[in-house]
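Peer 1: My structure is in protein.pdb, and what it holds is PDB, C-alpha atoms:
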ATOM      1  CA  MET A   1      21.060 -48.374 -44.618
ATOM      2  CA  PRO A   2      17.471 -46.957 -44.629
ATOM      3  CA  GLY A   3      16.778 -49.065 -41.545
ATOM      4  CA  ASP A   4      19.775 -47.610 -39.673
ATOM      5  CA  ILE A   5      18.807 -44.056 -40.641
ATOM      6  CA  PHE A   6      15.218 -44.657 -39.575
ATOM      7  CA  TYR A   7      16.475 -46.005 -36.238
ATOM      8  CA  TRP A   8      17.977 -42.605 -35.443
ATOM      9  CA  VAL A   9      15.095 -40.654 -36.993
ATOM     10  CA  LEU A  10      12.729 -42.539 -34.700
ATOM     11  CA  ASN A  11      14.943 -41.662 -31.743
ATOM     12  CA  ILE A  12      15.053 -37.957 -32.482
ATOM     13  CA  SER A  13      11.316 -38.009 -33.226
ATOM     14  CA  ILE A  14      10.714 -39.255 -29.683
ATOM     15  CA  LEU A  15      12.924 -36.517 -28.213
ATOM     16  CA  GLY A  16      11.334 -33.887 -30.454
ATOM     17  CA  SER A  17       7.912 -35.008 -29.245
ATOM     18  CA  VAL A  18       8.921 -34.580 -25.601
ATOM     19  CA  THR A  19      10.242 -31.079 -26.356
ATOM     20  CA  GLY A  20       7.127 -30.196 -28.343
ATOM     21  CA  LEU A  21       4.854 -31.325 -25.514
ATOM     22  CA  ILE A  22       6.754 -28.999 -23.167
ATOM     23  CA  VAL A  23       6.115 -26.123 -25.579
ATOM     24  CA  LEU A  24       2.415 -27.065 -25.785
ATOM     25  CA  LEU A  25       2.226 -26.731 -21.994
ATOM     26  CA  LEU A  26       4.130 -23.422 -21.952
ATOM     27  CA  ARG A  27       1.968 -21.857 -24.670
ATOM     28  CA  ARG A  28      -1.020 -22.168 -22.297
ATOM     29  CA  VAL A  29       0.669 -19.750 -19.871
ATOM     30  CA  ARG A  30      -1.099 -16.521 -20.795
ATOM     31  CA  ILE A  31       1.504 -14.181 -19.299
ATOM     32  CA  LEU A  32       4.176 -15.358 -21.745
ATOM     33  CA  PRO A  33       4.659 -12.993 -24.716
ATOM     34  CA  ARG A  34       3.235 -14.376 -27.965
ATOM     35  CA  PHE A  35       6.467 -13.754 -29.866
ATOM     36  CA  GLY A  36       8.306 -15.621 -27.125
ATOM     37  CA  VAL A  37       6.005 -18.628 -27.489
ATOM     38  CA  TYR A  38       6.606 -18.494 -31.245
ATOM     39  CA  LEU A  39      10.371 -18.610 -30.607
ATOM     40  CA  LEU A  40       9.965 -21.622 -28.327
ATOM     41  CA  TRP A  41       8.884 -23.713 -31.327
ATOM     42  CA  ALA A  42      12.489 -23.520 -32.553
ATOM     43  CA  LEU A  43      13.412 -25.977 -29.789
ATOM     44  CA  PRO A  44      11.339 -29.001 -30.921
ATOM     45  CA  PHE A  45      12.193 -28.261 -34.562
ATOM     46  CA  ILE A  46      15.908 -28.350 -33.688
ATOM     47  CA  ARG A  47      15.378 -31.579 -31.776
ATOM     48  CA  LEU A  48      13.559 -33.119 -34.737
ATOM     49  CA  TRP A  49      16.603 -32.530 -36.962
ATOM     50  CA  MET A  50      19.511 -32.972 -34.538
ATOM     51  CA  PRO A  51      20.697 -36.532 -33.781
ATOM     52  CA  VAL A  52      23.766 -35.317 -31.852
ATOM     53  CA  GLY A  53      23.759 -32.834 -28.983
ATOM     54  CA  ILE A  54      26.130 -31.219 -26.504
ATOM     55  CA  ALA A  55      26.449 -33.350 -23.384
ATOM     56  CA  SER A  56      25.344 -31.529 -20.242
ATOM     57  CA  ARG A  57      24.531 -32.554 -16.703
ATOM     58  CA  TYR A  58      21.753 -29.943 -16.769
ATOM     59  CA  SER A  59      19.935 -31.708 -19.588
ATOM     60  CA  LEU A  60      16.440 -33.033 -19.020
ATOM     61  CA  LEU A  61      17.760 -36.270 -20.514
ATOM     62  CA  SER A  62      20.221 -36.617 -17.618
ATOM     63  CA  PHE A  63      17.180 -37.289 -15.460
ATOM     64  CA  ILE A  64      15.232 -39.312 -18.026
ATOM     65  CA  SER A  65      18.253 -41.505 -18.891
ATOM     66  CA  ARG A  66      18.095 -43.081 -15.448
ATOM     67  CA  TYR A  67      14.784 -44.695 -16.411
ATOM     68  CA  ALA A  68      13.933 -44.636 -20.101
ATOM     69  CA  THR A  69      16.822 -43.883 -22.419
ATOM     70  CA  LYS A  70      20.493 -44.579 -22.987
ATOM     71  CA  THR A  71      23.229 -42.080 -23.759
ATOM     72  CA  ILE A  72      25.804 -42.891 -26.428
ATOM     73  CA  VAL A  73      28.998 -40.846 -26.232
ATOM     74  CA  VAL A  74      30.066 -39.569 -29.661
ATOM     75  CA  TRP A  75      32.878 -37.249 -28.581
ATOM     76  CA  GLU A  76      34.548 -37.190 -25.175
ATOM     77  CA  ALA A  77      34.863 -33.773 -23.542
ATOM     78  CA  LYS A  78      38.416 -32.466 -23.933
ATOM     79  CA  SER A  79      39.796 -29.370 -22.182
ATOM     80  CA  VAL A  80      37.261 -26.568 -22.708
ATOM     81  CA  LEU A  81      35.398 -28.305 -25.541
ATOM     82  CA  PRO A  82      32.113 -29.936 -24.516
ATOM     83  CA  GLY A  83      31.393 -33.563 -25.237
ATOM     84  CA  LEU A  84      28.857 -34.744 -27.800
ATOM     85  CA  SER A  85      26.349 -37.533 -27.252
ATOM     86  CA  MET A  86      23.299 -39.172 -28.786
ATOM     87  CA  ALA A  87      20.173 -40.137 -26.879
ATOM     88  CA  ASN A  88      18.918 -43.625 -27.640
ATOM     89  CA  SER A  89      15.381 -44.193 -26.396
ATOM     90  CA  ILE A  90      14.766 -47.381 -28.383
ATOM     91  CA  GLN A  91      17.760 -49.367 -27.068
ATOM     92  CA  ALA A  92      17.270 -52.105 -29.665
ATOM     93  CA  ALA A  93      20.933 -52.426 -30.630
ATOM     94  CA  GLU A  94      24.076 -53.811 -29.016
ATOM     95  CA  SER A  95      26.453 -51.414 -30.804
ATOM     96  CA  TYR A  96      25.805 -48.289 -32.843
ATOM     97  CA  PHE A  97      28.580 -47.428 -35.338
ATOM     98  CA  PRO A  98      27.441 -49.341 -37.346
ATOM     99  CA  ILE A  99      24.222 -50.462 -35.715
ATOM    100  CA  VAL A 100      24.163 -54.116 -34.672
ATOM    101  CA  TYR A 101      20.713 -55.131 -33.493
ATOM    102  CA  LYS A 102      20.161 -57.418 -30.510
ATOM    103  CA  ILE A 103      18.277 -59.957 -32.642
ATOM    104  CA  ASP A 104      18.036 -60.488 -36.411
ATOM    105  CA  LEU A 105      14.278 -59.921 -36.356
ATOM    106  CA  LEU A 106      14.828 -56.303 -35.271
ATOM    107  CA  LYS A 107      17.172 -55.798 -38.217
ATOM    108  CA  ASP A 108      14.481 -57.005 -40.615
ATOM    109  CA  VAL A 109      11.788 -54.902 -38.935
ATOM    110  CA  PHE A 110      13.854 -51.701 -39.107
ATOM    111  CA  HIS A 111      14.902 -52.425 -42.694
ATOM    112  CA  ILE A 112      11.260 -52.725 -43.817
ATOM    113  CA  ALA A 113      10.186 -49.765 -41.674
ATOM    114  CA  GLY A 114      13.072 -47.719 -43.082
ATOM    115  CA  MET A 115      12.030 -48.422 -46.673
ATOM    116  CA  VAL A 116       8.413 -47.467 -45.920
ATOM    117  CA  TRP A 117       9.588 -44.307 -44.136
ATOM    118  CA  VAL A 118      11.727 -43.215 -47.105
ATOM    119  CA  ILE A 119       8.963 -43.854 -49.658
ATOM    120  CA  VAL A 120       6.270 -41.995 -47.715
ATOM    121  CA  ALA A 121       8.600 -39.124 -46.731
ATOM    122  CA  VAL A 122       9.695 -38.584 -50.350
ATOM    123  CA  ALA A 123       6.071 -38.777 -51.512
ATOM    124  CA  ALA A 124       4.986 -36.266 -48.870
ATOM    125  CA  ILE A 125       7.778 -33.843 -49.811
ATOM    126  CA  LEU A 126       6.942 -34.166 -53.515
ATOM    127  CA  CYS A 127       3.256 -33.490 -52.762
ATOM    128  CA  ALA A 128       4.248 -30.430 -50.729
ATOM    129  CA  VAL A 129       6.437 -29.148 -53.582
ATOM    130  CA  ALA A 130       3.655 -29.814 -56.126
ATOM    131  CA  LEU A 131       1.155 -27.914 -53.966
ATOM    132  CA  TYR A 132       3.575 -24.984 -53.703
ATOM    133  CA  VAL A 133       4.136 -24.909 -57.472
ATOM    134  CA  PHE A 134       0.394 -25.198 -58.152
ATOM    135  CA  THR A 135      -0.376 -22.338 -55.745
ATOM    136  CA  LYS A 136       2.296 -20.169 -57.349
ATOM    137  CA  SER A 137       1.112 -20.894 -60.901
ATOM    138  CA  ALA A 138      -2.521 -20.229 -59.958
ATOM    139  CA  LEU A 139      -1.520 -16.675 -59.010
ATOM    140  CA  SER A 140       0.414 -15.944 -62.198
ATOM    141  CA  ASP A 141      -2.093 -13.291 -63.310
ATOM    142  CA  ILE A 142      -1.882 -11.054 -60.233
ATOM    143  CA  VAL A 143      -2.177  -7.304 -60.797
ATOM    144  CA  HIS A 144       0.607  -5.028 -59.563
ATOM    145  CA  ILE A 145      -0.452  -2.099 -57.354
ATOM    146  CA  LYS A 146       2.843  -0.675 -56.069
ATOM    147  CA  ASP A 147       6.194  -1.874 -54.663
ATOM    148  CA  ASN A 148       5.686  -5.529 -53.663
ATOM    149  CA  ILE A 149       1.909  -5.208 -53.296
ATOM    150  CA  TYR A 150      -0.419  -7.007 -55.722
ATOM    151  CA  CYS A 151      -4.079  -7.959 -55.925
ATOM    152  CA  SER A 152      -5.928 -11.025 -57.204
ATOM    153  CA  ASP A 153      -9.528 -12.198 -57.443
ATOM    154  CA  LYS A 154      -8.417 -15.793 -56.737
ATOM    155  CA  ILE A 155      -7.689 -15.385 -53.036
ATOM    156  CA  LEU A 156     -10.035 -14.726 -50.108
ATOM    157  CA  SER A 157      -7.596 -13.308 -47.559
ATOM    158  CA  PRO A 158      -4.492 -11.077 -47.781
ATOM    159  CA  ALA A 159      -1.251 -13.044 -47.622
ATOM    160  CA  VAL A 160       2.472 -12.999 -48.283
ATOM    161  CA  TYR A 161       3.613 -15.347 -51.051
ATOM    162  CA  GLY A 162       7.212 -16.259 -51.846
ATOM    163  CA  ILE A 163      10.481 -16.367 -49.917
ATOM    164  CA  ILE A 164      13.296 -14.676 -51.847
ATOM    165  CA  LYS A 165      11.160 -11.859 -53.244
ATOM    166  CA  PRO A 166       7.982 -12.049 -51.167
ATOM    167  CA  LYS A 167       4.819 -10.423 -52.510
ATOM    168  CA  ILE A 168       1.862  -9.137 -50.545
ATOM    169  CA  ILE A 169      -1.237 -10.246 -52.452
ATOM    170  CA  LEU A 170      -4.595  -8.741 -51.562
ATOM    171  CA  PRO A 171      -8.082  -9.853 -52.588
ATOM    172  CA  THR A 172      -9.896  -7.354 -54.772
ATOM    173  CA  ASN A 173     -12.591  -6.533 -52.200
ATOM    174  CA  ILE A 174     -10.378  -5.157 -49.398
ATOM    175  CA  ALA A 175     -11.825  -2.077 -47.711
ATOM    176  CA  ASP A 176      -9.532   0.968 -47.716
ATOM    177  CA  LYS A 177      -9.954   1.451 -43.942
ATOM    178  CA  ASN A 178      -8.361  -1.976 -43.333
ATOM    179  CA  MET A 179      -5.455  -1.561 -45.736
ATOM    180  CA  ALA A 180      -2.950   0.027 -43.316
ATOM    181  CA  TYR A 181      -3.435  -2.720 -40.706
ATOM    182  CA  ILE A 182      -3.177  -5.482 -43.276
ATOM    183  CA  LEU A 183       0.062  -4.121 -44.709
ATOM    184  CA  LYS A 184       1.577  -3.717 -41.228
ATOM    185  CA  HIS A 185       0.754  -7.344 -40.460
ATOM    186  CA  GLU A 186       2.135  -8.724 -43.723
ATOM    187  CA  CYS A 187       5.305  -6.614 -43.539
ATOM    188  CA  ILE A 188       6.083  -8.178 -40.166
ATOM    189  CA  HIS A 189       5.725 -11.627 -41.754
ATOM    190  CA  ILE A 190       8.211 -10.563 -44.441
ATOM    191  CA  ARG A 191      10.670  -9.078 -41.946
ATOM    192  CA  ARG A 192      10.647 -12.267 -39.852
ATOM    193  CA  ARG A 193      10.922 -14.509 -42.948
ATOM    194  CA  ASP A 194       7.891 -16.463 -41.750
ATOM    195  CA  ASN A 195       7.307 -18.120 -45.125
ATOM    196  CA  LEU A 196      10.766 -19.701 -44.918
ATOM    197  CA  TRP A 197       9.981 -21.073 -41.452
ATOM    198  CA  ARG A 198       6.656 -22.363 -42.763
ATOM    199  CA  ILE A 199       8.459 -24.436 -45.368
ATOM    200  CA  VAL A 200      10.988 -25.701 -42.803
ATOM    201  CA  ALA A 201       8.073 -26.711 -40.560
ATOM    202  CA  VAL A 202       6.236 -28.519 -43.378
ATOM    203  CA  LEU A 203       9.407 -30.393 -44.411
ATOM    204  CA  THR A 204       9.968 -31.384 -40.780
ATOM    205  CA  ALA A 205       6.455 -32.815 -40.591
ATOM    206  CA  CYS A 206       7.029 -34.689 -43.875
ATOM    207  CA  VAL A 207      10.226 -36.297 -42.537
ATOM    208  CA  HIS A 208       8.440 -37.273 -39.311
ATOM    209  CA  TRP A 209       5.159 -38.167 -41.031
ATOM    210  CA  PHE A 210       4.741 -41.277 -38.864
ATOM    211  CA  ASN A 211       4.572 -39.166 -35.675
ATOM    212  CA  PRO A 212       1.048 -37.722 -35.171
ATOM    213  CA  LEU A 213       2.354 -35.220 -32.620
ATOM    214  CA  CYS A 214       4.423 -33.526 -35.332
ATOM    215  CA  TRP A 215       1.260 -32.638 -37.233
ATOM    216  CA  ILE A 216      -0.276 -31.208 -34.054
ATOM    217  CA  PHE A 217       2.913 -29.177 -33.490
ATOM    218  CA  LEU A 218       2.731 -27.909 -37.070
ATOM    219  CA  LYS A 219      -0.827 -26.633 -36.600
ATOM    220  CA  CYS A 220       0.002 -24.947 -33.287
ATOM    221  CA  PHE A 221       3.165 -23.421 -34.770
ATOM    222  CA  PHE A 222       1.168 -21.764 -37.556
ATOM    223  CA  THR A 223      -1.326 -20.396 -35.021
ATOM    224  CA  ASP A 224       1.435 -19.013 -32.797
ATOM    225  CA  MET A 225       3.101 -17.447 -35.834
ATOM    226  CA  GLU A 226      -0.033 -15.389 -36.477
ATOM    227  CA  LEU A 227      -0.445 -14.485 -32.796
ATOM    228  CA  ALA A 228       3.174 -13.319 -32.679
ATOM    229  CA  CYS A 229       2.648 -11.247 -35.820
ATOM    230  CA  ASP A 230      -0.474  -9.687 -34.301
ATOM    231  CA  ALA A 231       1.564  -8.784 -31.198
ATOM    232  CA  GLY A 232       4.149  -7.103 -33.429
ATOM    233  CA  VAL A 233       1.426  -4.888 -34.912
ATOM    234  CA  LEU A 234      -0.301  -4.207 -31.605
ATOM    235  CA  LYS A 235       2.759  -2.776 -29.876
ATOM    236  CA  GLU A 236       2.527   0.193 -32.263
ATOM    237  CA  LEU A 237      -1.240   0.784 -31.788
ATOM    238  CA  ASP A 238      -3.339   2.613 -29.211
ATOM    239  CA  ASP A 239      -6.525   1.178 -27.658
ATOM    240  CA  ASN A 240      -8.797   2.629 -30.354
ATOM    241  CA  SER A 241      -6.642   1.240 -33.136
ATOM    242  CA  LYS A 242      -6.628  -2.194 -31.487
ATOM    243  CA  LYS A 243     -10.389  -2.428 -31.944
ATOM    244  CA  GLU A 244     -10.074  -1.344 -35.568
ATOM    245  CA  TYR A 245      -7.360  -3.962 -36.098
ATOM    246  CA  ALA A 246      -9.618  -6.650 -34.602
ATOM    247  CA  SER A 247     -12.405  -5.509 -36.919
ATOM    248  CA  ALA A 248     -10.066  -5.712 -39.919
ATOM    249  CA  LEU A 249      -9.084  -9.233 -38.922
ATOM    250  CA  LEU A 250     -12.703 -10.302 -38.600
ATOM    251  CA  SER A 251     -13.540  -8.952 -42.046
ATOM    252  CA  CYS A 252     -10.624 -10.859 -43.613
ATOM    253  CA  ALA A 253     -11.066 -14.193 -41.831
ATOM    254  CA  ALA A 254     -10.839 -16.931 -44.453
ATOM    255  CA  GLY A 255      -9.048 -20.119 -45.444
ATOM    256  CA  LYS A 256      -5.548 -21.276 -44.578
ATOM    257  CA  ASN A 257      -2.505 -21.814 -46.728
ATOM    258  CA  TYR A 258       0.557 -23.770 -45.572
ATOM    259  CA  TYR A 259       2.876 -21.751 -47.810
ATOM    260  CA  ALA A 260       1.551 -18.225 -47.352
ATOM    261  CA  SER A 261       1.402 -16.030 -44.271
ATOM    262  CA  ALA A 262      -2.258 -15.060 -44.383
ATOM    263  CA  PHE A 263      -3.804 -12.132 -42.509
ATOM    264  CA  GLY A 264      -6.938 -14.138 -41.698
ATOM    265  CA  GLY A 265      -5.423 -17.604 -41.712
ATOM    266  CA  ALA A 266      -5.474 -18.736 -38.079
ATOM    267  CA  LYS A 267      -8.079 -19.148 -35.333
ATOM    268  CA  THR A 268      -9.926 -15.856 -35.632
ATOM    269  CA  ARG A 269     -11.678 -15.949 -32.254
ATOM    270  CA  LEU A 270      -8.437 -16.695 -30.411
ATOM    271  CA  ARG A 271      -6.619 -13.927 -32.245
ATOM    272  CA  ILE A 272      -9.313 -11.353 -31.504
ATOM    273  CA  GLU A 273      -9.278 -12.318 -27.801
ATOM    274  CA  ASN A 274      -5.504 -11.841 -27.769
ATOM    275  CA  ILE A 275      -5.784  -8.515 -29.570
ATOM    276  CA  LEU A 276      -8.331  -7.089 -27.127
ATOM    277  CA  SER A 277      -6.395  -8.320 -24.064
ATOM    278  CA  TYR A 278      -2.938  -7.369 -25.367
ATOM    279  CA  LYS A 279      -0.521  -5.601 -23.031
ATOM    280  CA  LYS A 280       2.853  -4.277 -24.082
ATOM    281  CA  LEU A 281       5.876  -6.224 -22.874
ATOM    282  CA  THR A 282       7.953  -4.324 -20.290
ATOM    283  CA  LEU A 283      11.747  -4.410 -20.223
ATOM    284  CA  PHE A 284      11.688  -6.432 -16.992
ATOM    285  CA  SER A 285       9.261  -8.966 -18.479
ATOM    286  CA  GLY A 286      11.398  -9.247 -21.585
ATOM    287  CA  VAL A 287      14.538  -9.955 -19.542
ATOM    288  CA  CYS A 288      12.675 -12.547 -17.459
ATOM    289  CA  PHE A 289      11.422 -14.336 -20.556
ATOM    290  CA  ALA A 290      14.893 -14.283 -22.151
ATOM    291  CA  ALA A 291      16.298 -15.943 -19.020
ATOM    292  CA  LEU A 292      13.473 -18.495 -19.046
ATOM    293  CA  PHE A 293      14.090 -19.242 -22.731
ATOM    294  CA  ILE A 294      17.813 -19.865 -22.109
ATOM    295  CA  VAL A 295      17.068 -22.206 -19.196
ATOM    296  CA  ILE A 296      14.502 -24.170 -21.232
ATOM    297  CA  ALA A 297      16.813 -24.330 -24.261
ATOM    298  CA  VAL A 298      19.760 -25.642 -22.222
ATOM    299  CA  THR A 299      17.484 -28.189 -20.555
ATOM    300  CA  VAL A 300      15.820 -29.645 -23.667
ATOM    301  CA  ILE A 301      18.412 -29.170 -26.415
ATOM    302  CA  THR A 302      21.405 -30.714 -24.655
ATOM    303  CA  ASN A 303      21.903 -34.455 -24.127
ATOM    304  CA  ALA A 304      22.796 -36.391 -21.018
ATOM    305  CA  ALA A 305      26.493 -36.431 -20.124
ATOM    306  CA  GLY A 306      26.727 -39.957 -18.767
ATOM    307  CA  ALA A 307      27.432 -43.080 -20.774
TER     308      ALA A 307
END
So that I can check it, write out the structure of this file as structure tokens.
Peer 2:
Amino acid sequence: MPGDIFYWVLNISILGSVTGLIVLLLRRVRILPRFGVYLLWALPFIRLWMPVGIASRYSLLSFISRYATKTIVVWEAKSVLPGLSMANSIQAAESYFPIVYKIDLLKDVFHIAGMVWVIVAVAAILCAVALYVFTKSALSDIVHIKDNIYCSDKILSPAVYGIIKPKIILPTNIADKNMAYILKHECIHIRRRDNLWRIVAVLTACVHWFNPLCWIFLKCFFTDMELACDAGVLKELDDNSKKEYASALLSCAAGKNYYASAFGGAKTRLRIENILSYKKLTLFSGVCFAALFIVIAVTVITNAAGA
């Protein structure tokens, strides 16, 4: 059973990698809005969890399946309901429900690989949970300031901690002139539930621990999260305030935390360059990006229609 599960995990990991590489290319297009690039990361994450997809002739896999992958029909299209299919890039089996491998050696290989995958994935998830618990317990002596704002002498950079009842925790040496910008930034993280998406991203990387691209995607996702949050703050600021915001960021640049949305927790130089070159998104640009996002989503999330 672990071998059969790993067979499909390996398949969706390949498809998720292709989708993630497309996002890596798109994020280099400077005219795309930063929040839009952040949203694009939903596509590879969906691919990395979704073994079954809607069959569509517009899918990128409809083209790829001619050369490198096979489509397995799960549900035939009936009336207005779309069909469902699975993409099989490995093609190491003769039948799939249950999986019957072409040779017995492949069965043994996938059984061993499946056991290793389960052990390492569980260990990685347990380590992630332990790190989260340790981080939370280390901040048990935080001092309440007001509302959901706290301070602590154990952190170097302002950050949001928690998911259900998130807290903004500030280091004790924050300058008053930077406070308003910091709180704006962290409140956007809370409103977008970024800490929840951080945990989803970390769990995804733990499940696909064997795929080095997933760890690269994770790092880029965290960076784009901060850039998108900066853009959310910047749309409310004038040119003078932008420079002050960049200065506040520079003064708070510090370490990273996988479980907290930190004000200074991403590439500082890149963020400052984006802050100083920021331009507000027009309605026309927003509509164009929404159309682009839909086209990309339909292309990479759906599966090939053919058998």
Peer 1: So which one's closest to A:Leu25, A:Trp41, A:Tyr150, A:Tyr7, A:Trp117? Using only C-alpha atoms, please.
Peer 2: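 Going through A:Trp41, A:Tyr150, A:Tyr7, A:Trp117 one by one, the smallest distance to A:Leu25 is for A:Trp41.
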Peer 1: Could you check which of A:Ile301, A:Ala130, A:Val143, A:Leu39 is closest to A:Leu227, using all atoms listed in the file?
Peer 2: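 Of A:Ile301, A:Ala130, A:Val143, A:Leu39, the one nearest A:Leu227, counting all atoms listed in the file, is A:Leu39.
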Peer 1: Name the residues captured by the PyMOL selection byres ((chain A and resi 111) around 10) when it is applied to the shown file; answer as a list in words.
Peer 2: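 Evaluating the PyMOL selection byres ((chain A and resi 111) around 10) on this file yields Met1, Pro2, Gly3, Asp4, Ile5, Phe6, Tyr7, Leu105, Leu106, Lys107, Asp108, Val109, Phe110, Ile112, Ala113, Gly114, Met115, Val116 and Trp117 of chain A.
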Peer 1: How would you write, as an mmCIF file with C-alpha atoms, in the coordinates of the input, the residues chosen by the PyMOL selection byres ((chain A and resi 163) around 8) on this structure?
Peer 2:
data_model
loop_
_atom_site.group_PDB
_atom_site.id
_atom_site.type_symbol
_atom_site.label_atom_id
_atom_site.label_comp_id
_atom_site.auth_asym_id
_atom_site.auth_seq_id
_atom_site.Cartn_x
_atom_site.Cartn_y
_atom_site.Cartn_z
ATOM 1 C CA TYR A 161 3.613 -15.347 -51.051
ATOM 2 C CA GLY A 162 7.212 -16.259 -51.846
ATOM 3 C CA ILE A 164 13.296 -14.676 -51.847
ATOM 4 C CA LYS A 165 11.160 -11.859 -53.244
ATOM 5 C CA PRO A 166 7.982 -12.049 -51.167
ATOM 6 C CA ARG A 193 10.922 -14.509 -42.948
ATOM 7 C CA ASN A 195 7.307 -18.120 -45.125
ATOM 8 C CA LEU A 196 10.766 -19.701 -44.918
#
Peer 1: Just how far from atom CA of A:Ile12 is atom CA of A:Leu48, in Å to one decimal?
Peer 2: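 So the two atoms, atom CA of A:Leu48 and atom CA of A:Ile12, lie 5.5 Å apart.
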Peer 1: Report, in Å with one decimal, the straight-line distance from atom CA of A:Ser285 to atom CA of A:Ala231.
Peer 2: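 A separation of 14.9 Å between them.
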Peer 1: List, as a list in words, every residue that the PyMOL selection byres ((chain A and resi 290) around 12) selects in the file provided.
Peer 2: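 Output from the PyMOL selection byres ((chain A and resi 290) around 12), applied to this file: Leu32, Pro33, Phe35, Gly36, Val37, Leu39, Leu40, Leu283, Phe284, Ser285, Gly286, Val287, Cys288, Phe289, Ala291, Leu292, Phe293, Ile294, Val295, Ile296 and Ala297 of chain A.
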Peer 1: Nearest residue to A:Cys127 out of A:Val202, A:Ile169, A:Ala92, A:Ile142, using all atoms listed in the file?
Peer 2: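 Checking each of A:Val202, A:Ile169, A:Ala92, A:Ile142 against A:Cys127, counting all atoms listed in the file, the winner is A:Val202.
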Peer 1: What's the 12 Å shell around A:Asp238, counting all atoms listed in the file, without same-chain residues fewer than 6 positions away, as an MDAnalysis selection string?
Peer 2: chainID A and resid 244:245 275:276 278:280
Peer 1: Let me see the file: selected residues, C-alpha atoms, as an mmCIF file, in the frame of the given file.
Peer 2:
data_model
loop_
_atom_site.group_PDB
_atom_site.id
_atom_site.type_symbol
_atom_site.label_atom_id
_atom_site.label_comp_id
_atom_site.auth_asym_id
_atom_site.auth_seq_id
_atom_site.Cartn_x
_atom_site.Cartn_y
_atom_site.Cartn_z
ATOM 1 C CA GLU A 244 -10.074 -1.344 -35.568
ATOM 2 C CA TYR A 245 -7.360 -3.962 -36.098
ATOM 3 C CA ILE A 275 -5.784 -8.515 -29.570
ATOM 4 C CA LEU A 276 -8.331 -7.089 -27.127
ATOM 5 C CA TYR A 278 -2.938 -7.369 -25.367
ATOM 6 C CA LYS A 279 -0.521 -5.601 -23.031
ATOM 7 C CA LYS A 280 2.853 -4.277 -24.082
#
Peer 1: Give me, as a PyMOL selection string, all polymer residues having an atom no more than 10 Å from A:Met50, counting only C-alpha atoms and skipping those fewer than 5 positions away in the same chain.
Peer 2: chain A and resi 8-9+12-13+15-16+44-45+86+301
Peer 1: Extract, using all atoms listed in the file, all DNA, RNA and protein residues at most 7 Å from stretch 178-187 of chain A, discarding same-chain residues fewer than 3 positions from it, and format them as a PyMOL selection string.
Peer 2: chain A and resi 159-160+168+175+190-191+229-230+233+245+248+263
